[in-house]
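Here is the structure we will look at, set down as structure tokens.
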Amino acid sequence: MSHRRYTPYLFILPALAMYALFVVLPIADSLRMSLLHWSSPLLPPEFCGLDNFRRLMSDSVFWHAAWHNLLLLTGSLLLQLPLAMAIALLLHQRTIARGLFRTAFFAPMMMPTAAIAVLWQYLYEPESGLLSSVIRCWQSDFVFPWLSDPGSALLWIFVTICWQYTGFHMVLYLAGLSTIPNDYYEAARIDGANEWQICWHIALPALRPTIAISATLSIIGSLKYFDLIYLMGGGLPEKSREVMATYIYRLAFEQNQGRYGYGSAAAVCLFVLALAVVIPLQARQLRTAS
Amino acid sequence: MKKHRTRTSGAFLLRHLLLLTFLVITAYPLLWMVLAAFRLEGDAQLRPLALPAPWTWQNFAQVFTSGSFGDAYLNSLMLCSGSVLLSIALAAPAAFAFAQCRFRGRHALFMLFLLGMMIPVHVTLIPLNRLLGNGALNLKGSLWALVGPYVGFALPITMLILRGAFAALPRDLLDAGRIDGCSTWGIFRHIAMPIARPALATVVIFNFLTMWNEFAFALTLLGPGQTTIPLALSQFKGEHDVQITLVSAALSLVVIPLLIVYVFAQKHIIRGLTAGAVKE
């Protein structure tokens with residue numbers, strides 16, 4: 001479209017200013033603060049080079065936090081995504097009340113994550129919670145401290161994550177399945193293929209782009225866990241409750257912490273990790289999108 | 001042939017059975033929550049799986065009188081509507097320029113915006129707390145503190161969706177506007193924006209819900225006395241931890257309106273959530 005040379009910049013400027021002030025500048029400020037020794041908001045900060053990063057590398061809570069991000073990601077890729085795909089495959093065929101199923105499976109995505117966390121804390125109540133109550137139907141003295149058991153709490157939180165996100169990935173797979181022309185299925189049936197063979201040889205290859213998208217979203221999302229972990233992991237010892245984002249928050253804002261410099265170093269690590277993950281994954285998308 | 005048919009109907013049955021199982025797993029916790037909201041406290045402890053006996057409204061009444069949910073609803077409503085409007089006012093012209101104009105640096109700039117969608121917002125918690133708390137903008141404790149971060153982080157997805165809509169505008173229409181003497185701004189304002197209405201609806205609904213559900217910024221940047229819905233809910237849980245029935249009533253008051261919105265706006269919500277992904 002023809003226009004004066006500076007016109008497009010005028011269109012972009014207000015958005016860019018807002019974005020720079022509240023997204024780009026804070027990230028740059030994190031980089032700066034990560035080089036400061038600043039253990040309390042009351043004390044003046046001192047430059048300390050890479051000292052914060054050196055300490056972070058030998059901080060076992062930080063490593064545990066990163067490990068938990070990785071565990072949750074692995075769980076999502078190996079359990080949640082296949083489950084979502086399986087449900088999509090079940091639902092894609094002729095189904096009674098299909099719209100109802102689809103709507104219901106996606107519904108948890110609508111809830112604030114904080115509300116999901118509050119709800120599931122009650123579902124996991126050791127005695128009167130839904131899970132313990134259901135299990136007591138078979139085993140009359142069953143009591144289990146789901147969310148305060150350091151060995152397994154992360155697993156139970158992961159179950160909640162699946163409850164929240166499986167429906168979303170299922171919708172992605174349903175959209176992918178709907179792009180397969182009906183002729184393919186019919187041709188396969190005429191050739192005598194059974195449902196399994198159709199899934200394996202037609203649906204799965206056609207879903208490859210969708211699988212890539214849903215895995216990419218899981219990977220990017222796995223670094224963003226905060227609300228659920230922060231709210232549900234309260235009863236756990238330090239080492240078994242943190243992911244990277246909650247650790248940053250706790251270092252800076254929890255009682256008696258105020259460690260802005262050290263927390264910023266952890267934030268810089270999270271940022272670099274996010275870039276390292278996003279750039280190779282999204283390189284093609286970023287290029288074609290722009 | 002007959003054998004084949006019985007096998008298919010067996011598979012048909014099995015498939016619906018599996019789907020029903022997943023339905024129960026998804027929906028039963030929500031049903032349990034709503035039922036708990038109608039129970040008396042002792043009932044919830046002793047018979048958590050049965051129907052409430054007797055049914056009572058008192059939990060809802062107590063949430064309204066004791067909690068800060070009235071304020072929280074009002075706060076969230078003002079904050080989110082304002083932030084949504086601002087995010088669109090800023091993103092729409094930019095998205096139009098990215099879609100329809102050629103200029104130096106457009107690829108790099110657009111990529112810079114897209115990155116904001118992929119970075120965890122928590123990287124900015126500490127510097128934003130300084131900027132908005134005791135730095136240049138002293139907003140700590142006021143709702144205004146959330147507008148900047150909410151709008152800033154809403155810009156990427158808003159731009160992505162709107163740019164897609166603006167790029168699909170028919171060329172003839174834009175040329176016709178040009179011939180009639182419209183400026184670029186005039187074309188954007190009077191031709192592009194009205195046609196992009198469906199995409200605008202998607203962005204409004206999606207951004208509103210994202211902001212409505214946001215927790216980390218609200219937790220960090222709001223001072224005592226100010227609260228939004230997700231924050232109010234977690235605080236309410238903290239204060240009334242042992243009263244499952246009371247917290248369930250609060251939860252129901254937060255979740256049920258959202259589920260009703262969802263049933264009507266399903267299409268837009270799903271489109272918004274998948275927009276970041278489904279770009280081949």
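Labels for the structure tokens follow display order: chains A, B, ..., residues from 1 in each chain, ligands from 1.
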- [ ] For A:Tyr184, list every protein, DNA or RNA residue within 10 Å, evaluated using only C-alpha atoms, and leave out those in the same chain fewer than 6 positions away; present the list as an MDAnalysis selection string.
- [x] chainID A and resid 190 198 202:203
Export of prior selection with C-alpha atoms as a PDB file, in the first residue's frame:
```pdb
ATOM      1  CA  ILE A 190     -12.563 -50.116   0.870  1.00  0.00           C
ATOM      2  CA  ILE A 198      -6.537 -46.266   9.869  1.00  0.00           C
ATOM      3  CA  ILE A 202      -3.618 -42.292   8.024  1.00  0.00           C
ATOM      4  CA  ALA A 203      -4.448 -40.209  11.096  1.00  0.00           C
TER       5      ALA A 203
END
```
Open item on the list: Residues of chain B within 6 Å of chain A, counting only C-alpha atoms - could you list those as a ChimeraX atom specification?
Closed with: /B:45,90-91,93-94,97,101,107,120,122-124,127,149,152,213,230,277
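Distances to A:Leu72 were evaluated for A:Ile229, A:Cys48, A:Val143, A:Met170 using only C-alpha atoms, and the minimum falls at A:Ile229.
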Open item on the list: At a cut-off of 10 Å, using only C-alpha atoms, what residues contact B:Tyr150? Leave out same-chain residues fewer than 3 positions from it and give the result as a ChimeraX atom specification.
Closed with: /A:22 /B:79-80,83-84,86-87,145-147,153-155,207,210-211,214,217-218
Open item on the list: Rounded to one decimal, what separation in Å do you get between atom CA of A:Pro126 and atom CA of A:Ser140?
Closed with: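 Interatomic distance here is 13.5 Å.
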TODO: Could you tell me how far atom CA of A:His64 lies from atom CA of A:Pro150, in Å and to one decimal?
DONE: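 If I compute the distance from atom CA of A:His64 to atom CA of A:Pro150, I get 12.5 Å.
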TODO: State, in Å with one decimal place, the distance from atom CA of B:Ile260 to atom CA of B:Ala50.
DONE: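 Between atom CA of B:Ile260 and atom CA of B:Ala50 the gap works out to 25.7 Å.
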Open item on the list: Calculated over only C-alpha atoms, which of the candidates B:Leu209, B:Ala72, B:Leu273, B:Ile88 has the smallest distance to B:Leu258?
Closed with: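 Selected residue with least distance to B:Leu258: B:Leu209.
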Task: Given only C-alpha atoms as the counted atoms, nearest of B:Ala249, B:Ala92, B:Ala232, B:Leu17 to B:Ser76 - done: B:Ala232
Compile the contact shell of A:Tyr185 as a CSV table (one decimal) with all heavy atoms, in the first residue's frame: residues with an atom at most 12 Å away, counting only C-alpha atoms, same-chain residues fewer than 3 positions apart removed.
```csv
chain,number,residue,atom,x,y,z
A,93,GLN,N,-14.6,-39.8,15.6
A,93,GLN,CA,-15.5,-40.7,14.9
A,93,GLN,C,-16.9,-40.4,15.3
A,93,GLN,O,-17.2,-39.5,16.1
A,93,GLN,CB,-15.2,-42.2,15.3
A,93,GLN,CG,-13.8,-42.5,14.9
A,93,GLN,CD,-13.3,-43.8,15.6
A,93,GLN,OE1,-14.0,-44.8,15.5
A,93,GLN,NE2,-12.2,-43.7,16.3
A,177,LEU,N,-7.3,-33.3,13.0
A,177,LEU,CA,-8.0,-34.5,12.3
A,177,LEU,C,-9.0,-34.0,11.3
A,177,LEU,O,-9.2,-34.7,10.3
A,177,LEU,CB,-8.7,-35.3,13.4
A,177,LEU,CG,-7.8,-36.2,14.3
A,177,LEU,CD1,-8.5,-36.8,15.4
A,177,LEU,CD2,-7.2,-37.3,13.4
A,178,SER,N,-9.6,-32.9,11.6
A,178,SER,CA,-10.6,-32.4,10.7
A,178,SER,C,-10.1,-32.0,9.3
A,178,SER,O,-10.8,-31.7,8.4
A,178,SER,CB,-11.4,-31.3,11.3
A,178,SER,OG,-10.6,-30.1,11.4
A,180,ILE,N,-8.1,-33.8,7.6
A,180,ILE,CA,-7.9,-35.0,6.8
A,180,ILE,C,-9.1,-35.3,5.9
A,180,ILE,O,-10.2,-35.4,6.5
A,180,ILE,CB,-7.6,-36.3,7.6
A,180,ILE,CG1,-6.4,-36.0,8.6
A,180,ILE,CG2,-7.4,-37.5,6.7
A,180,ILE,CD1,-6.2,-37.1,9.6
A,181,PRO,N,-9.0,-35.3,4.6
A,181,PRO,CA,-10.2,-35.5,3.7
A,181,PRO,C,-10.8,-36.9,4.0
A,181,PRO,O,-10.1,-37.8,4.2
A,181,PRO,CB,-9.6,-35.4,2.3
A,181,PRO,CG,-8.3,-34.9,2.4
A,181,PRO,CD,-7.8,-35.2,3.8
A,182,ASN,N,-12.2,-36.9,4.0
A,182,ASN,CA,-12.9,-38.1,4.2
A,182,ASN,C,-12.6,-39.2,3.2
A,182,ASN,O,-12.6,-40.4,3.6
A,182,ASN,CB,-14.4,-37.8,4.2
A,182,ASN,CG,-15.0,-37.9,5.5
A,182,ASN,OD1,-14.5,-38.6,6.4
A,182,ASN,ND2,-16.1,-37.1,5.8
A,188,ALA,N,-9.3,-46.2,2.5
A,188,ALA,CA,-8.7,-47.2,3.4
A,188,ALA,C,-9.7,-48.3,3.8
A,188,ALA,O,-9.4,-49.5,3.8
A,188,ALA,CB,-8.2,-46.5,4.7
A,189,ARG,N,-10.9,-47.9,4.0
A,189,ARG,CA,-12.0,-48.9,4.4
A,189,ARG,C,-12.2,-49.8,3.3
A,189,ARG,O,-12.4,-51.1,3.5
A,189,ARG,CB,-13.2,-48.2,4.9
A,189,ARG,CG,-13.2,-47.9,6.3
A,189,ARG,CD,-14.4,-47.5,7.0
A,189,ARG,NE,-14.0,-46.8,8.2
A,189,ARG,CZ,-14.1,-45.5,8.3
A,189,ARG,NH1,-14.6,-44.8,7.4
A,189,ARG,NH2,-13.7,-44.9,9.4
A,190,ILE,N,-12.3,-49.3,2.0
A,190,ILE,CA,-12.6,-50.1,0.9
A,190,ILE,C,-11.4,-51.1,0.7
A,190,ILE,O,-11.6,-52.3,0.4
A,190,ILE,CB,-12.7,-49.2,-0.4
A,190,ILE,CG1,-14.0,-48.5,-0.3
A,190,ILE,CG2,-12.6,-50.1,-1.7
A,190,ILE,CD1,-14.2,-47.4,-1.3
A,191,ASP,N,-10.2,-50.7,1.0
A,191,ASP,CA,-9.1,-51.6,1.0
A,191,ASP,C,-9.0,-52.6,2.1
A,191,ASP,O,-8.1,-53.3,2.3
A,191,ASP,CB,-7.8,-50.8,1.0
A,191,ASP,CG,-7.6,-50.1,-0.4
A,191,ASP,OD1,-8.3,-50.4,-1.3
A,191,ASP,OD2,-6.7,-49.2,-0.5
A,192,GLY,N,-10.0,-52.5,3.0
A,192,GLY,CA,-10.1,-53.4,4.1
A,192,GLY,C,-9.3,-53.1,5.4
A,192,GLY,O,-9.1,-54.0,6.2
A,193,ALA,N,-8.9,-51.9,5.5
A,193,ALA,CA,-8.2,-51.5,6.7
A,193,ALA,C,-9.1,-51.5,8.0
A,193,ALA,O,-10.3,-51.0,7.8
A,193,ALA,CB,-7.5,-50.1,6.5
A,194,ASN,N,-8.6,-51.9,9.1
A,194,ASN,CA,-9.5,-51.8,10.3
A,194,ASN,C,-9.2,-50.4,11.0
A,194,ASN,O,-8.3,-49.7,10.6
A,194,ASN,CB,-9.2,-53.0,11.3
A,194,ASN,CG,-7.8,-53.0,11.8
A,194,ASN,OD1,-7.1,-52.0,11.9
A,194,ASN,ND2,-7.3,-54.3,12.0
A,195,GLU,N,-9.9,-50.1,12.1
A,195,GLU,CA,-9.8,-48.8,12.8
A,195,GLU,C,-8.3,-48.6,13.2
A,195,GLU,O,-7.8,-47.4,13.1
A,195,GLU,CB,-10.7,-48.7,14.0
A,195,GLU,CG,-12.2,-48.8,13.6
A,195,GLU,CD,-12.6,-47.6,12.7
A,195,GLU,OE1,-12.2,-46.5,12.9
A,195,GLU,OE2,-13.4,-47.9,11.7
A,196,TRP,N,-7.7,-49.6,13.8
A,196,TRP,CA,-6.3,-49.4,14.2
A,196,TRP,C,-5.4,-49.0,13.1
A,196,TRP,O,-4.6,-48.1,13.2
A,196,TRP,CB,-5.8,-50.7,14.8
A,196,TRP,CG,-5.9,-50.8,16.2
A,196,TRP,CD1,-6.7,-51.8,16.9
A,196,TRP,CD2,-5.3,-50.0,17.2
A,196,TRP,NE1,-6.6,-51.5,18.2
A,196,TRP,CE2,-5.8,-50.4,18.5
A,196,TRP,CE3,-4.5,-48.9,17.2
A,196,TRP,CZ2,-5.4,-49.8,19.7
A,196,TRP,CZ3,-4.1,-48.3,18.4
A,196,TRP,CH2,-4.6,-48.7,19.6
A,197,GLN,N,-5.5,-49.7,12.0
A,197,GLN,CA,-4.7,-49.4,10.8
A,197,GLN,C,-4.9,-48.0,10.3
A,197,GLN,O,-4.0,-47.3,9.9
A,197,GLN,CB,-4.9,-50.5,9.7
A,197,GLN,CG,-4.3,-51.8,10.1
A,197,GLN,CD,-4.8,-52.9,9.2
A,197,GLN,OE1,-5.9,-52.9,8.8
A,197,GLN,NE2,-3.9,-53.8,8.8
A,198,ILE,N,-6.2,-47.6,10.3
A,198,ILE,CA,-6.5,-46.3,9.9
A,198,ILE,C,-5.9,-45.2,10.8
A,198,ILE,O,-5.3,-44.3,10.3
A,198,ILE,CB,-8.1,-46.1,9.8
A,198,ILE,CG1,-8.6,-46.9,8.7
A,198,ILE,CG2,-8.4,-44.6,9.6
A,198,ILE,CD1,-10.1,-46.9,8.6
A,199,CYS,N,-6.0,-45.4,12.1
A,199,CYS,CA,-5.3,-44.5,13.0
A,199,CYS,C,-3.8,-44.4,12.7
A,199,CYS,O,-3.2,-43.4,12.7
A,199,CYS,CB,-5.5,-45.0,14.5
A,199,CYS,SG,-7.0,-44.5,15.2
A,200,TRP,N,-3.2,-45.6,12.6
A,200,TRP,CA,-1.8,-45.7,12.6
A,200,TRP,C,-1.2,-45.2,11.2
A,200,TRP,O,-0.3,-44.4,11.2
A,200,TRP,CB,-1.4,-47.1,12.8
A,200,TRP,CG,0.1,-47.3,13.0
A,200,TRP,CD1,1.0,-47.8,12.2
A,200,TRP,CD2,0.8,-46.9,14.2
A,200,TRP,NE1,2.3,-47.7,12.7
A,200,TRP,CE2,2.2,-47.2,14.0
A,200,TRP,CE3,0.4,-46.3,15.4
A,200,TRP,CZ2,3.2,-46.9,14.9
A,200,TRP,CZ3,1.4,-46.0,16.4
A,200,TRP,CH2,2.8,-46.3,16.1
A,201,HIS,N,-1.9,-45.5,10.1
A,201,HIS,CA,-1.3,-45.2,8.8
A,201,HIS,C,-1.9,-44.0,8.2
A,201,HIS,O,-1.3,-43.4,7.2
A,201,HIS,CB,-1.5,-46.4,7.8
A,201,HIS,CG,-0.7,-47.6,8.3
A,201,HIS,ND1,0.6,-47.7,8.2
A,201,HIS,CD2,-1.1,-48.8,8.8
A,201,HIS,CE1,1.0,-48.9,8.6
A,201,HIS,NE2,0.0,-49.5,9.0
A,202,ILE,N,-3.0,-43.5,8.6
A,202,ILE,CA,-3.6,-42.3,8.0
A,202,ILE,C,-3.6,-41.1,9.0
A,202,ILE,O,-3.1,-40.1,8.7
A,202,ILE,CB,-5.0,-42.6,7.5
A,202,ILE,CG1,-4.9,-43.6,6.4
A,202,ILE,CG2,-5.7,-41.3,7.0
A,202,ILE,CD1,-6.2,-44.0,5.8
A,203,ALA,N,-4.3,-41.3,10.2
A,203,ALA,CA,-4.4,-40.2,11.1
A,203,ALA,C,-3.1,-39.7,11.6
A,203,ALA,O,-2.8,-38.6,11.6
A,203,ALA,CB,-5.4,-40.6,12.2
A,206,ALA,N,-0.9,-37.8,9.3
A,206,ALA,CA,-1.5,-36.5,9.0
A,206,ALA,C,-1.4,-35.5,10.2
A,206,ALA,O,-1.5,-34.3,10.0
A,206,ALA,CB,-2.9,-36.7,8.5
```
Open item on the list: When you look at A:Leu50 with a cut-off of 10 Å (counting only C-alpha atoms), what residues show up, excluding the ones that are within fewer than 3 positions of it in the same chain? I need them as a list in words.
Closed with: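 Contacts, with the query itself left out: Ser34, Leu35, Leu36, His37, Phe47, Phe53, Arg54, Arg55, Leu56 and Ala265 of chain A.
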